[in-house]
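Student: Here it is: the structure, laid out below.
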Amino acid sequence: MRLRLVVLLTLLVFALAGCGGKESGNQASGKQEFKAQYKIATMTPASHMYTQGAQKFADLIKERSSGRIQITVYPDGQLGKGERELLEALQQGTVDLYAGSTGPIGGFSPSMLIVDIPFLFRDYTHVDKVLDGPIGKQLLDDMEKANLKGLAFWENGFRNLTNSKRPVKLPEDAKGLKIRTMENKVHITAWKEVGAIPTPMAWAEVYGALQQKVADGQENPVAVISTSKLNEVQSYLSMTQHVYSPAPIIMSLKKWQVMPKEDQDLFIKTALEVAPWQRKLGRDSEEKMLADLAQKNMSIVRDVDKAAWQKAMQPAFEEFSKQFGKDKIDAILQTK
Ligand code: EAX
């Protein structure tokens with residue numbers, strides 16, 4: 001009897017104290033009400049689709065939780081200039097959410113590297129089928145082993161090469177160019193195969209590195225090139241579309257684990273719902289952004305020889321097929 005009373009009292013003290021940190025309980029309604037304030041980080045400006053997706057997610061969560069859960073969006077690396085550091089902050093729970101490229105994620109959750117293989121995805125329909133199906137779900141779930149909770153796949157886009165030296169059509173044209181890559185071994189290998197000099201670095205350093213000619217080129221989807229104004233430091237954009245770059249929205253597993261189940265469900269449902277809307281932003285604006293870049297004197301090289309690029313990067317494809325298992329690659333290739 002006495003023991004029961006002690007247990008009850010202890011529980012009450014905990015309930016009144018809330019969960020600590022940024023989450024708290026509210027006794028007013030008589031029932032424990034979960035409240036939280038979260039921060040979501042992106043590495044790109046407010047005009048870019050990661051940040052727009054994050055804002056949409058924040059708005060929907062606020063509305064659907066009747067204001068119990070508030071998410072503030074911090075764009076442009078405001079919460080941390082390096083993707084690796086941000087992922088560590090998620091692991092520790094000092095940053096709550098992040099939406100961005102897979103760049104360094106493979107260093108935390110190795111299975112994710114598979115999506116960075118060049119010429120793996122045929123087109124957007126293929127992308128959506130794979131990432132929204134069981135393969136995508138598994139990749140998101142795998143992140144839990146790294147104390148990261150993958151909620152959904154948003155989009156960065158098909159990546160294209162830019163440089164300051166010359167119009168690049170064929171892989172040979174890129175020989176000897178110093179190309180900044182993401183901090184990702186699949187990307188580094190692929191650019192070595194082409195004969196370029198891969199120079200991995202965090203995104204926040206890229207504009208400065210191009211401006212100071214530490215690197216001659218870089219590769220990214222059109223939306224990143226446009227919203228980060230790379231036309232100011234790069235003259236040529238070649239539509240190589242050599243690799244598709246997804247952008248998972250990820251939550252700190254620590255923060256996830258203290259959320260009530262119904263809010264966890266709300267987060268997943270909302271992140272998945274934002275996905276097609278967010279992906280469409282980039283897909284629909286690509287041509288307009290290209291026209292704008294051309295108007296700003298960037299030379300757009302459209303007639304790249306895609307087959308030649310695929311062939312040049314094929315050794316990387318083979319190497320990583322071995323590493324990830326041909327069955328896994330085939331499962332992606334055969335998704336229709
Ligand atoms: O996250 O690091 C990269 O090149 C990313 O694709 C870009 O910054 C958007």
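By convention here, the chains of the structure tokens are called A, B, ... in the order presented, each chain's residues are numbered starting at 1, and ligands are numbered starting at 1 in the order presented.
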I'd like a table as CSV: residues in chain A with an atom no more than 10 Å from ligand 1, each row giving the shortest atom pair and its distance in Å to one decimal, only C-alpha atoms and all ligand atoms counted, sorted by chain and rising residue number.
Tutor:
```
residue,atom,partner,partner_atom_place_in_ligand_line,distance
A:Thr42,CA,ligand 1,1 (O),7.9
A:Met43,CA,ligand 1,1 (O),6.0
A:Thr44,CA,ligand 1,9 (C),6.4
A:Pro45,CA,ligand 1,9 (C),9.9
A:His48,CA,ligand 1,9 (C),9.2
A:Met49,CA,ligand 1,9 (C),9.8
A:Tyr50,CA,ligand 1,1 (O),8.1
A:Asp76,CA,ligand 1,8 (O),9.6
A:Gly77,CA,ligand 1,8 (O),9.9
A:Gly82,CA,ligand 1,2 (O),9.3
A:Glu83,CA,ligand 1,2 (O),7.9
A:Ala99,CA,ligand 1,1 (O),8.5
A:Gly100,CA,ligand 1,1 (O),5.0
A:Ser101,CA,ligand 1,1 (O),4.4
A:Thr102,CA,ligand 1,6 (O),7.7
A:Gly103,CA,ligand 1,2 (O),6.0
A:Pro104,CA,ligand 1,2 (O),8.6
A:Glu155,CA,ligand 1,1 (O),9.6
A:Asn156,CA,ligand 1,9 (C),6.5
A:Gly157,CA,ligand 1,6 (O),8.4
A:Phe158,CA,ligand 1,6 (O),9.6
A:Arg159,CA,ligand 1,6 (O),7.9
A:Arg180,CA,ligand 1,4 (O),8.4
A:Thr181,CA,ligand 1,4 (O),6.7
A:Met182,CA,ligand 1,2 (O),5.1
A:Glu183,CA,ligand 1,2 (O),7.9
A:Asn184,CA,ligand 1,2 (O),9.6
A:Pro200,CA,ligand 1,2 (O),9.4
A:Met201,CA,ligand 1,2 (O),7.9
A:Ala202,CA,ligand 1,2 (O),6.1
A:Trp203,CA,ligand 1,2 (O),4.2
A:Ala204,CA,ligand 1,8 (O),7.3
A:Glu205,CA,ligand 1,2 (O),9.4
A:Val206,CA,ligand 1,2 (O),8.2
A:Gln218,CA,ligand 1,4 (O),7.7
A:Glu219,CA,ligand 1,4 (O),6.7
A:Asn220,CA,ligand 1,6 (O),5.4
A:Pro221,CA,ligand 1,6 (O),7.1
A:Ala223,CA,ligand 1,9 (C),9.0
A:Val224,CA,ligand 1,9 (C),6.1
A:Ile225,CA,ligand 1,7 (C),8.7
A:Ser228,CA,ligand 1,8 (O),8.9
A:Tyr244,CA,ligand 1,6 (O),9.9
A:Ser245,CA,ligand 1,6 (O),7.0
A:Pro246,CA,ligand 1,6 (O),8.8
A:Ala247,CA,ligand 1,1 (O),7.6
```
Student: Please, could you write that set of residues out with N, CA and C atoms as a compact mmCIF listing (two decimals), in the first residue's frame?
Tutor:
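As written to disk, selection-v1.txt reads:
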```txt
# COMPACT_ATOMS: atom_id res chain seq x y z
N THR A 42 18.21 23.97 -42.27
CA THR A 42 18.54 23.67 -43.66
C THR A 42 19.83 24.41 -44.01
N MET A 43 20.48 23.94 -45.08
CA MET A 43 21.75 24.56 -45.47
C MET A 43 21.57 25.56 -46.60
N THR A 44 20.35 25.70 -47.08
CA THR A 44 20.13 26.54 -48.26
C THR A 44 19.25 27.75 -47.91
N PRO A 45 19.23 28.77 -48.79
CA PRO A 45 18.47 29.99 -48.49
C PRO A 45 16.96 29.75 -48.38
N HIS A 48 15.05 28.43 -51.38
CA HIS A 48 15.28 27.07 -51.90
C HIS A 48 14.26 26.08 -51.34
N MET A 49 14.04 25.03 -52.07
CA MET A 49 12.95 24.10 -51.75
C MET A 49 13.14 23.28 -50.47
N TYR A 50 14.36 23.13 -49.93
CA TYR A 50 14.46 22.46 -48.61
C TYR A 50 13.77 23.34 -47.57
N ASP A 76 19.89 28.32 -44.40
CA ASP A 76 21.20 28.85 -44.76
C ASP A 76 22.33 28.53 -43.78
N GLY A 77 22.27 27.39 -43.14
CA GLY A 77 23.35 27.01 -42.22
C GLY A 77 23.38 27.82 -40.93
N GLY A 82 28.34 23.09 -41.16
CA GLY A 82 28.72 21.83 -41.78
C GLY A 82 27.62 20.79 -41.65
N GLU A 83 27.36 20.02 -42.73
CA GLU A 83 26.32 19.00 -42.65
C GLU A 83 26.68 17.92 -41.63
N ALA A 99 16.59 19.04 -42.86
CA ALA A 99 16.23 18.58 -44.20
C ALA A 99 17.35 18.99 -45.13
N GLY A 100 17.96 18.02 -45.79
CA GLY A 100 19.07 18.36 -46.68
C GLY A 100 19.58 17.16 -47.44
N SER A 101 20.62 17.39 -48.22
CA SER A 101 21.11 16.36 -49.13
C SER A 101 21.70 15.17 -48.37
N THR A 102 21.83 14.06 -49.07
CA THR A 102 22.37 12.86 -48.43
C THR A 102 23.88 12.96 -48.25
N GLY A 103 24.52 13.97 -48.85
CA GLY A 103 25.98 14.13 -48.81
C GLY A 103 26.71 13.30 -47.77
N PRO A 104 26.77 13.76 -46.52
CA PRO A 104 27.55 13.03 -45.53
C PRO A 104 26.76 11.95 -44.77
N GLU A 155 13.30 16.29 -51.76
CA GLU A 155 14.16 16.25 -52.95
C GLU A 155 15.20 17.37 -52.98
N ASN A 156 16.35 17.01 -53.53
CA ASN A 156 17.35 17.99 -53.93
C ASN A 156 17.27 18.06 -55.47
N GLY A 157 17.49 16.92 -56.14
CA GLY A 157 17.27 16.88 -57.59
C GLY A 157 18.39 16.19 -58.34
N PHE A 158 18.28 16.14 -59.66
CA PHE A 158 19.37 15.58 -60.48
C PHE A 158 20.50 16.60 -60.54
N ARG A 159 21.71 16.12 -60.35
CA ARG A 159 22.85 17.03 -60.22
C ARG A 159 23.52 17.31 -61.57
N ARG A 180 34.65 20.42 -56.72
CA ARG A 180 34.20 20.21 -55.34
C ARG A 180 33.11 19.15 -55.33
N THR A 181 33.26 18.16 -54.46
CA THR A 181 32.20 17.17 -54.30
C THR A 181 31.68 17.23 -52.88
N MET A 182 30.57 16.55 -52.65
CA MET A 182 30.08 16.41 -51.28
C MET A 182 31.05 15.47 -50.55
N GLU A 183 30.94 15.46 -49.22
CA GLU A 183 31.83 14.61 -48.43
C GLU A 183 31.27 13.19 -48.45
N ASN A 184 31.45 12.52 -49.57
CA ASN A 184 30.74 11.29 -49.84
C ASN A 184 31.60 10.43 -50.75
N PRO A 200 36.50 17.23 -51.86
CA PRO A 200 35.31 17.21 -50.99
C PRO A 200 35.32 18.34 -49.97
N MET A 201 34.18 18.96 -49.79
CA MET A 201 34.06 19.98 -48.72
C MET A 201 32.59 20.20 -48.39
N ALA A 202 32.36 20.80 -47.22
CA ALA A 202 30.99 21.09 -46.79
C ALA A 202 30.39 22.16 -47.70
N TRP A 203 29.08 22.13 -47.82
CA TRP A 203 28.40 23.03 -48.74
C TRP A 203 28.68 24.51 -48.44
N ALA A 204 28.70 24.85 -47.17
CA ALA A 204 28.84 26.26 -46.79
C ALA A 204 30.14 26.89 -47.31
N GLU A 205 31.12 26.05 -47.60
CA GLU A 205 32.41 26.58 -48.06
C GLU A 205 32.49 26.73 -49.58
N VAL A 206 31.47 26.24 -50.28
CA VAL A 206 31.61 26.08 -51.73
C VAL A 206 31.69 27.41 -52.48
N GLN A 218 31.81 22.54 -59.48
CA GLN A 218 31.04 21.82 -58.47
C GLN A 218 29.87 21.21 -59.20
N GLU A 219 29.09 20.40 -58.52
CA GLU A 219 27.90 19.85 -59.17
C GLU A 219 26.73 19.86 -58.19
N ASN A 220 25.58 20.27 -58.70
CA ASN A 220 24.37 20.39 -57.88
C ASN A 220 23.15 20.52 -58.78
N PRO A 221 21.97 20.29 -58.23
CA PRO A 221 20.76 20.52 -59.01
C PRO A 221 20.60 22.02 -59.34
N ALA A 223 18.20 24.07 -58.90
CA ALA A 223 17.62 24.93 -57.84
C ALA A 223 18.69 25.41 -56.87
N VAL A 224 19.66 24.56 -56.55
CA VAL A 224 20.74 24.97 -55.64
C VAL A 224 21.64 26.00 -56.35
N ILE A 225 21.98 25.71 -57.60
CA ILE A 225 22.86 26.60 -58.37
C ILE A 225 22.22 27.99 -58.45
N SER A 228 21.57 29.73 -54.76
CA SER A 228 22.83 30.10 -54.10
C SER A 228 23.71 30.97 -55.01
N TYR A 244 21.10 11.41 -59.00
CA TYR A 244 19.93 11.98 -58.35
C TYR A 244 20.22 12.14 -56.86
N SER A 245 19.83 13.26 -56.35
CA SER A 245 20.15 13.58 -54.95
C SER A 245 18.86 13.79 -54.16
N PRO A 246 18.52 12.83 -53.30
CA PRO A 246 17.34 13.04 -52.47
C PRO A 246 17.66 13.92 -51.27
N ALA A 247 16.66 14.35 -50.56
CA ALA A 247 16.88 15.17 -49.36
C ALA A 247 15.97 14.67 -48.24
```
Student: Extract, using only C-alpha atoms, all DNA, RNA and protein residues at most 12 Å from Thr335 of chain A, discarding same-chain residues fewer than 5 positions from it, and format them as a ChimeraX atom specification.
Tutor: /A:120-123,125-136,328-330
Student: From the options A:Arg302, A:Lys280, A:Lys81, A:Lys322, which residue's atoms come nearest to Tyr124 of chain A, counting only C-alpha atoms?
Tutor: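 Of the candidates, the smallest distance to Tyr124 of chain A is held by A:Lys280.
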Student: I want to know what sits within 7 Å of Pro171 of chain A, based on only C-alpha atoms, with residues of the same chain fewer than 6 positions away left out; could you give that as a PDB file with N, CA and C atoms, in the first residue's frame?
Tutor:
```pdb
ATOM      1  N   VAL A 194      36.229   9.954 -63.845  1.00  0.00           N
ATOM      2  CA  VAL A 194      36.112  10.867 -64.981  1.00  0.00           C
ATOM      3  C   VAL A 194      37.458  11.527 -65.293  1.00  0.00           C
ATOM      4  N   ALA A 308      28.069   8.823 -72.756  1.00  0.00           N
ATOM      5  CA  ALA A 308      29.512   8.871 -72.480  1.00  0.00           C
ATOM      6  C   ALA A 308      29.771   9.101 -70.982  1.00  0.00           C
ATOM      7  N   TRP A 309      28.960   9.925 -70.369  1.00  0.00           N
ATOM      8  CA  TRP A 309      29.117  10.162 -68.918  1.00  0.00           C
ATOM      9  C   TRP A 309      28.814   8.900 -68.119  1.00  0.00           C
ATOM     10  N   ALA A 312      31.733   6.657 -68.463  1.00  0.00           N
ATOM     11  CA  ALA A 312      32.898   7.113 -67.691  1.00  0.00           C
ATOM     12  C   ALA A 312      32.729   6.824 -66.201  1.00  0.00           C
TER      13      ALA A 312
END
```
Student: Within segment 150-261 of chain A, find each residue whose DSSP state, derived from the backbone, is strand (DSSP E), and express the selection as JSON, numbers by chain.
Tutor: {"A": [150, 151, 152, 153, 154, 155, 156, 157, 158, 160, 161, 162, 163, 178, 179, 180, 181, 197, 198, 199, 200, 217, 218, 219, 220, 236, 237, 238, 244, 245, 246, 247, 248, 249, 250, 251, 252]}
Student: Take the selection from the previous step and output its residues with N, CA, C and O atoms, as a tab-separated table (two decimals), in the first residue's frame.
Tutor:
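Okay, again_20.tsv is ready:
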```
chain	number	residue	atom	x	y	z
A	150	GLY	N	14.70	9.00	-39.75
A	150	GLY	CA	14.35	9.47	-41.09
A	150	GLY	C	12.83	9.51	-41.22
A	150	GLY	O	12.17	8.50	-41.03
A	151	LEU	N	12.28	10.66	-41.56
A	151	LEU	CA	10.81	10.78	-41.64
A	151	LEU	C	10.29	10.53	-43.05
A	151	LEU	O	9.29	9.85	-43.25
A	152	ALA	N	10.95	11.13	-44.03
A	152	ALA	CA	10.49	11.00	-45.42
A	152	ALA	C	11.60	11.48	-46.35
A	152	ALA	O	12.52	12.16	-45.91
A	153	PHE	N	11.46	11.13	-47.61
A	153	PHE	CA	12.39	11.64	-48.61
A	153	PHE	C	11.82	12.85	-49.30
A	153	PHE	O	10.79	12.77	-49.98
A	154	TRP	N	12.46	13.98	-49.11
A	154	TRP	CA	12.17	15.14	-49.93
A	154	TRP	C	13.23	15.16	-51.03
A	154	TRP	O	13.96	14.19	-51.20
A	155	GLU	N	13.30	16.29	-51.76
A	155	GLU	CA	14.16	16.25	-52.95
A	155	GLU	C	15.20	17.37	-52.98
A	155	GLU	O	14.94	18.49	-52.56
A	156	ASN	N	16.35	17.01	-53.53
A	156	ASN	CA	17.35	17.99	-53.93
A	156	ASN	C	17.27	18.06	-55.47
A	156	ASN	O	16.95	19.08	-56.03
A	157	GLY	N	17.49	16.92	-56.14
A	157	GLY	CA	17.27	16.88	-57.59
A	157	GLY	C	18.39	16.19	-58.34
A	157	GLY	O	19.34	15.69	-57.73
A	158	PHE	N	18.28	16.14	-59.66
A	158	PHE	CA	19.37	15.58	-60.48
A	158	PHE	C	20.50	16.60	-60.54
A	158	PHE	O	20.27	17.79	-60.80
A	160	ASN	N	24.01	18.53	-61.71
A	160	ASN	CA	24.65	18.97	-62.96
A	160	ASN	C	25.96	19.66	-62.64
A	160	ASN	O	26.09	20.32	-61.60
A	161	LEU	N	26.89	19.53	-63.58
A	161	LEU	CA	28.23	20.09	-63.36
A	161	LEU	C	28.30	21.57	-63.74
A	161	LEU	O	27.83	21.96	-64.81
A	162	THR	N	28.90	22.37	-62.89
A	162	THR	CA	29.22	23.76	-63.29
A	162	THR	C	30.73	23.93	-63.18
A	162	THR	O	31.39	23.24	-62.41
A	163	ASN	N	31.28	24.87	-63.96
A	163	ASN	CA	32.70	25.18	-63.80
A	163	ASN	C	33.01	26.56	-64.37
A	163	ASN	O	32.18	27.17	-65.05
A	178	LYS	N	39.35	20.77	-61.05
A	178	LYS	CA	39.17	20.54	-59.61
A	178	LYS	C	37.69	20.71	-59.29
A	178	LYS	O	37.15	21.81	-59.37
A	179	ILE	N	37.06	19.61	-58.98
A	179	ILE	CA	35.61	19.65	-58.77
A	179	ILE	C	35.31	19.45	-57.29
A	179	ILE	O	35.67	18.42	-56.70
A	180	ARG	N	34.65	20.42	-56.72
A	180	ARG	CA	34.20	20.21	-55.34
A	180	ARG	C	33.11	19.15	-55.33
A	180	ARG	O	32.17	19.20	-56.14
A	181	THR	N	33.26	18.16	-54.46
A	181	THR	CA	32.20	17.17	-54.30
A	181	THR	C	31.68	17.23	-52.88
A	181	THR	O	32.30	17.85	-52.01
A	197	ILE	N	39.66	16.16	-60.53
A	197	ILE	CA	40.30	16.10	-59.22
A	197	ILE	C	39.24	16.45	-58.17
A	197	ILE	O	38.90	17.62	-57.98
A	198	PRO	N	38.65	15.40	-57.55
A	198	PRO	CA	37.57	15.68	-56.58
A	198	PRO	C	38.10	16.35	-55.32
A	198	PRO	O	39.14	15.96	-54.80
A	199	THR	N	37.40	17.38	-54.90
A	199	THR	CA	37.80	18.15	-53.72
A	199	THR	C	36.60	18.22	-52.77
A	199	THR	O	35.76	19.11	-52.90
A	200	PRO	N	36.50	17.23	-51.86
A	200	PRO	CA	35.31	17.21	-50.99
A	200	PRO	C	35.32	18.34	-49.97
A	200	PRO	O	36.37	18.66	-49.41
A	217	GLY	N	35.13	23.84	-60.24
A	217	GLY	CA	33.74	23.52	-60.50
A	217	GLY	C	33.09	22.83	-59.31
A	217	GLY	O	33.74	22.55	-58.30
A	218	GLN	N	31.81	22.54	-59.48
A	218	GLN	CA	31.04	21.82	-58.47
A	218	GLN	C	29.87	21.21	-59.20
A	218	GLN	O	29.64	21.50	-60.37
A	219	GLU	N	29.09	20.40	-58.52
A	219	GLU	CA	27.90	19.85	-59.17
A	219	GLU	C	26.73	19.86	-58.19
A	219	GLU	O	26.88	19.54	-57.02
A	220	ASN	N	25.58	20.27	-58.70
A	220	ASN	CA	24.37	20.39	-57.88
A	220	ASN	C	23.15	20.52	-58.78
A	220	ASN	O	23.27	20.85	-59.95
A	236	TYR	N	29.89	28.16	-66.67
A	236	TYR	CA	29.29	27.08	-67.47
A	236	TYR	C	28.49	26.12	-66.62
A	236	TYR	O	28.94	25.69	-65.56
A	237	LEU	N	27.33	25.77	-67.15
A	237	LEU	CA	26.49	24.76	-66.48
A	237	LEU	C	26.18	23.68	-67.49
A	237	LEU	O	25.56	23.92	-68.52
A	238	SER	N	26.66	22.46	-67.24
A	238	SER	CA	26.43	21.34	-68.14
A	238	SER	C	25.37	20.42	-67.54
A	238	SER	O	25.51	19.96	-66.41
A	244	TYR	N	21.10	11.41	-59.00
A	244	TYR	CA	19.93	11.98	-58.35
A	244	TYR	C	20.22	12.14	-56.86
A	244	TYR	O	20.77	11.23	-56.22
A	245	SER	N	19.83	13.26	-56.35
A	245	SER	CA	20.15	13.58	-54.95
A	245	SER	C	18.86	13.79	-54.16
A	245	SER	O	18.16	14.78	-54.36
A	246	PRO	N	18.52	12.83	-53.30
A	246	PRO	CA	17.34	13.04	-52.47
A	246	PRO	C	17.66	13.92	-51.27
A	246	PRO	O	18.83	14.19	-51.00
A	247	ALA	N	16.66	14.35	-50.56
A	247	ALA	CA	16.88	15.17	-49.36
A	247	ALA	C	15.97	14.67	-48.24
A	247	ALA	O	14.83	15.11	-48.12
A	248	PRO	N	16.45	13.71	-47.45
A	248	PRO	CA	15.60	13.23	-46.37
A	248	PRO	C	15.37	14.29	-45.30
A	248	PRO	O	16.24	15.11	-45.05
A	249	ILE	N	14.17	14.29	-44.73
A	249	ILE	CA	13.94	15.10	-43.53
A	249	ILE	C	14.14	14.16	-42.34
A	249	ILE	O	13.57	13.06	-42.30
A	250	ILE	N	15.01	14.59	-41.44
A	250	ILE	CA	15.48	13.72	-40.37
A	250	ILE	C	15.23	14.38	-39.02
A	250	ILE	O	15.43	15.58	-38.87
A	251	MET	N	14.84	13.56	-38.05
A	251	MET	CA	14.66	14.09	-36.70
A	251	MET	C	15.68	13.45	-35.76
A	251	MET	O	16.13	12.32	-36.00
A	252	SER	N	16.03	14.17	-34.73
A	252	SER	CA	16.89	13.60	-33.69
A	252	SER	C	16.14	12.42	-33.06
A	252	SER	O	15.00	12.58	-32.61
```
Student: If we count only C-alpha atoms, what is near Lys254 of chain A at a cut-off of 10 Å, once residues fewer than 2 positions away on the same chain are taken out, given as a list of chain:residue names?
Tutor: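 The residues that qualify are A:Leu90, A:Gln91, A:Gln92, A:Gly93, A:Thr94, A:Asp96, A:Asn147, A:Leu148, A:Lys149, A:Met251, A:Ser252, A:Trp256, A:Gln257, A:Val258, A:Met259.
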Student: A:Ser65, A:Lys39, A:Gly325, A:Gln55: which is nearest Asp263 of chain A, counting only C-alpha atoms?
Tutor: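 Closest to Asp263 of chain A of all the choices is A:Ser65.
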Student: Provide the atom CA of Glu63 of chain A to atom CA of Leu140 of chain A distance in Å, to one decimal place.
Tutor: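 That distance, rounded to one decimal, is 25.6 Å.
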Student: Counting only C-alpha atoms, which residue out of A:Tyr74, A:Tyr38, A:Phe267, A:Phe324 sits closest to Phe57 of chain A?
Tutor: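 Answer, going by the shortest atom-to-atom distance: A:Phe267.
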Student: Pick from A:Trp191, A:Tyr98, A:Tyr207, A:Phe320: nearest to Val115 of chain A, with only C-alpha atoms counted?
Tutor: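 Going through A:Trp191, A:Tyr98, A:Tyr207, A:Phe320 one by one, the smallest distance to Val115 of chain A is for A:Phe320.
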Student: In terms of the shortest atom-to-atom distance over only C-alpha atoms, which of A:Glu287, A:Asp216, A:Asp142, A:Glu273 is closest to Ala174 of chain A?
Tutor: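 Of all the options, A:Asp216 lies closest to Ala174 of chain A.
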Student: Of the candidates A:Lys306, A:Lys169, A:Ser226, A:Ser235, which shows the shortest atom-to-atom distance to Leu290 of chain A, using only C-alpha atoms?
Tutor: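 Smallest distance to Leu290 of chain A is found for A:Ser226.
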Student: DSSP on the backbone, then: every residue of segment 22-267 of chain A marked helix (DSSP H, G or I), written as a ChimeraX atom specification.
Tutor: /A:49-64,83-92,105-107,110-116,124-131,134-146,171-174,185-194,203-211,222-227,230-232,253-257,261-267
Student: Can you tell me which residues surround Leu79 of chain A at a distance of at most 8 Å, considering only C-alpha atoms, apart from same-chain residues fewer than 5 positions away, and format the answer as a tab-separated table (two decimals) with all heavy atoms, in the first residue's frame?
Tutor:
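Resulting contents of part30.tsv:
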```tsv
chain	number	residue	atom	x	y	z
A	41	ALA	N	16.79	22.72	-39.24
A	41	ALA	CA	17.89	23.36	-39.95
A	41	ALA	C	17.89	22.99	-41.42
A	41	ALA	O	17.59	21.85	-41.77
A	41	ALA	CB	19.22	22.92	-39.33
A	74	TYR	N	15.37	27.38	-39.50
A	74	TYR	CA	16.63	28.12	-39.56
A	74	TYR	C	17.34	27.78	-40.86
A	74	TYR	O	17.99	26.73	-40.96
A	74	TYR	CB	17.53	27.77	-38.37
A	74	TYR	CG	16.98	28.26	-37.06
A	74	TYR	CD1	16.04	27.50	-36.35
A	74	TYR	CD2	17.36	29.49	-36.53
A	74	TYR	CE1	15.51	27.96	-35.15
A	74	TYR	CE2	16.84	29.96	-35.33
A	74	TYR	CZ	15.92	29.19	-34.65
A	74	TYR	OH	15.40	29.64	-33.47
A	86	LEU	N	25.95	19.09	-38.24
A	86	LEU	CA	24.51	19.14	-38.00
A	86	LEU	C	23.94	17.76	-37.69
A	86	LEU	O	23.10	17.61	-36.82
A	86	LEU	CB	23.79	19.71	-39.22
A	86	LEU	CG	23.53	21.22	-39.18
A	86	LEU	CD1	22.91	21.69	-40.48
A	86	LEU	CD2	22.63	21.58	-38.01
A	95	VAL	N	20.09	19.89	-32.06
A	95	VAL	CA	19.23	20.34	-33.15
A	95	VAL	C	18.16	19.26	-33.30
A	95	VAL	O	18.44	18.08	-33.11
A	95	VAL	CB	20.03	20.54	-34.47
A	95	VAL	CG1	19.10	20.81	-35.64
A	95	VAL	CG2	21.02	21.69	-34.33
```
Student: So how many Å separate atom CA of Gln211 of chain A and atom CA of Asn231 of chain A, to one decimal?
Tutor: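 Result for atom CA of Gln211 of chain A versus atom CA of Asn231 of chain A: 10.6 Å, one decimal.
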